[in-house]
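What follows is a short report on a single structure.
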Amino acid sequence: MTSESNPMGSFCRLYSVLLYAYPPEFRRQYGRPMEQLLRDRCRDLARSSGGLTLLRFAGQVMSDWLRTMVRERAAVWSAGRKPAKRSSVTEWAGTLLIYLFATTTLVQAYVIPTGSMEGNLLIGDHILVDRVAYADPGPLGRHILPYRQVERGDIVAFLYPEDPRETFVKRIIGLPGDRIRLENGQVVRNGRRLVEPYVRHIANQLDPYRDNFPLAPEFFTTPRGRDMFQHHVRSGEVVVPPGMLFALGDNRDNSADSRYWGFVPREYVVGKPLLVYWSYDAPTAELQEWTLGHVIDVAEHFFTKTRWKRSFLVPR
Amino acid sequence: MTKHQSPQDLLPLTPPVFHILLALAEEERHGYGIMRDVAQQTDGALQLGPGTLYGCLKRMLAAGLVEESGERPDPALDDERRRYYRMTSLGKRMVRAEAQRLAGAVTVAMSRLAGESA
């Protein structure tokens with residue numbers, strides 16, 4: 001069938017998942033014919049129309065979904081009938097599905113385990129990351145969702161290049177082509193000294209490597225860090241290669257960042273931290289895994305150790 | 001099943017309900033058939049989405065304006081079974097009343113706006 005092999009095929013599959021947002025009774029009654037109708041329409045459209053018409057059609061279907069889903073839910077609500085007991089399981093399953101879809105493709109929760117962004121993000125800040133913001137939109141998506149390019153000064157969540165199982169949050173200092181060096185702890189980009197009000201300095205003494213980068217490779221740089229030194233330093237400055245980003249922590253004197261492990265590949269960018277939804281004062285090790293001790297600690301000290309002032313703070 | 005809904009609750013008929021009834025005036029149709037016919041009636045101005053179409057059909061069934069007339073494949077599409085709908089006599093009366101109301105409104109509009117157009 002033609003509709004299975006083109007983008008409209010995946011749209012139809014997405015629609016089958018979205019149907020779970022309707023009240024269970026409505027979905028049982030009309031879910032199948034609605035899928036069928038969408039398939040028929042997609043097939044006819046794909047035969048006769050170009051990409052723009054298909055995109056507009058997809059937009060219409062999504063707005064139809066949103067409006068009628070709210071309407072049908074409101075109808076169930078106002079009828080005052082509690083959904084039958086057996087349907088509550090499927091109802092929850094539907095909610096869970098939407099939650100999973102949303103949390104894996106739109107936003108994702110992370111916890112900040114280190115103090116490298118201290119001043120802006122503290123150890124124990126639980127943040128939501130907007131995964132759509134920097135995602136590769138493709139030629140069509142660019143027009144419907146709020147995508148943007150990574151810019152200098154953005155706080156960005158990305159996979160740690162040396163170990164992609166870890167996610168780091170740092171500030172983007174250099175884009176491809178930028179020349180970067182540090183002079184007594186201050187960043188000089190393309191010959192200009194940066195004004196960085198967000199940066200914190202905590203050390204009294206200058207560290208030649210950390211503060212006058214790139215001077216000489218130190219023994220604790222990683223393989224990617226050494227590669228940066230060997231191939232991307234020109235006349236005392238690091239030059240960011242195409243497709244790469246240079247990232248530094250705001251807590252500039254205590255941050256393992258691009259100075260030590262090299263560039264961040266653009267495709268390793270996960271998203272943009274949206275807000276702190278919960279900030280809990282706990283040591284790094286406990287935040288990385290929910291141990292029994294941590295669970296008890298949270299249960300006992302939830303109210304006192306939660307930094308309430310930080311709730312829903314937007315990192316900038 | 002669905003709670004009882006009186007036909008009066010649906011008056012005045014919304015454009016989707018009105019056009020769905022018109023689509024069923026001559027013959028019974030399945031969902032996609034209704035959707036295509038409504039687009040044709042309105043010169044493409046009214047494209048019913050799946051949720052709107054089946055939400056309306058649900059309410060119209062509950063009010064007794066339409067009824068299901070079984071499932072069968074549409075030979076023009078493929079061999080998948082589709083649910084067909086037809087208009088009831090109540091639906092016929094309602095759509096006729098609505099058409100008369102609209103015709104009355106159009107007559108008034110024509111006479112009041114006659115001087116304005118060139």
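Labels for the structure tokens follow display order: chains A, B, ..., residues from 1 in each chain, ligands from 1.
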
Inset, instruction - Report as a ChimeraX atom specification: the residues of chain B with a DSSP assignment of alpha helix (DSSP H), based on the backbone of this structure. - result: /B:15-23,31-41,50-63,89-113

Inset, instruction - Can you pull out every residue within 12 Å of Leu77 (chain B), counting only C-alpha atoms, but drop anything in the same chain fewer than 2 positions away, and send it as JSON, numbers by chain? - result: {"A": [1, 36, 37, 39, 40, 41, 43, 44], "B": [30, 32, 33, 72, 73, 74, 75, 79, 80, 81, 82]}

Enumerate as a short mmCIF file (atom, residue, chain, number, x, y, z; two decimals) with N, CA and C atoms, in the first residue's frame the residues belonging to chain A that approach chain B to within 7 Å, with only C-alpha atoms taken into account.
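Generated output (part.cif):
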data_model
loop_
_atom_site.label_atom_id
_atom_site.label_comp_id
_atom_site.auth_asym_id
_atom_site.auth_seq_id
_atom_site.Cartn_x
_atom_site.Cartn_y
_atom_site.Cartn_z
N TYR A 30 -15.00 4.72 17.69
CA TYR A 30 -14.66 5.39 16.43
C TYR A 30 -13.19 5.37 16.06
N MET A 34 -11.70 6.12 12.32
CA MET A 34 -10.94 7.36 12.18
C MET A 34 -9.58 7.09 11.54
N LEU A 37 -10.21 6.43 7.90
CA LEU A 37 -10.50 7.65 7.16
C LEU A 37 -9.22 8.41 6.86
N LEU A 38 -8.33 8.47 7.87
CA LEU A 38 -7.08 9.19 7.66
C LEU A 38 -6.24 8.50 6.58
N VAL A 61 -5.13 18.11 10.54
CA VAL A 61 -5.50 16.93 11.33
C VAL A 61 -5.09 17.10 12.78
N ASP A 64 -7.46 19.45 14.43
CA ASP A 64 -8.73 18.73 14.60
C ASP A 64 -8.64 17.78 15.79
N TRP A 65 -7.49 17.10 15.88
CA TRP A 65 -7.27 16.15 17.00
C TRP A 65 -7.36 16.87 18.33
N THR A 68 -11.08 18.26 19.06
CA THR A 68 -12.12 17.27 19.32
C THR A 68 -11.77 16.41 20.52
#

Inset, instruction - Mind giving me the straight-line distance from CA of Trp261 (chain A) to CA of Arg226 (chain A) in Å, one decimal? - result: 7.8 Å

Inset, instruction - Would you mind writing down, as a ChimeraX atom specification, each residue of region 95-206 of chain A that DSSP on the backbone assigns to strand (DSSP E or B)? - result: /A:107-111,125-130,155-159,167-174,179-183,186-189,192-193,200
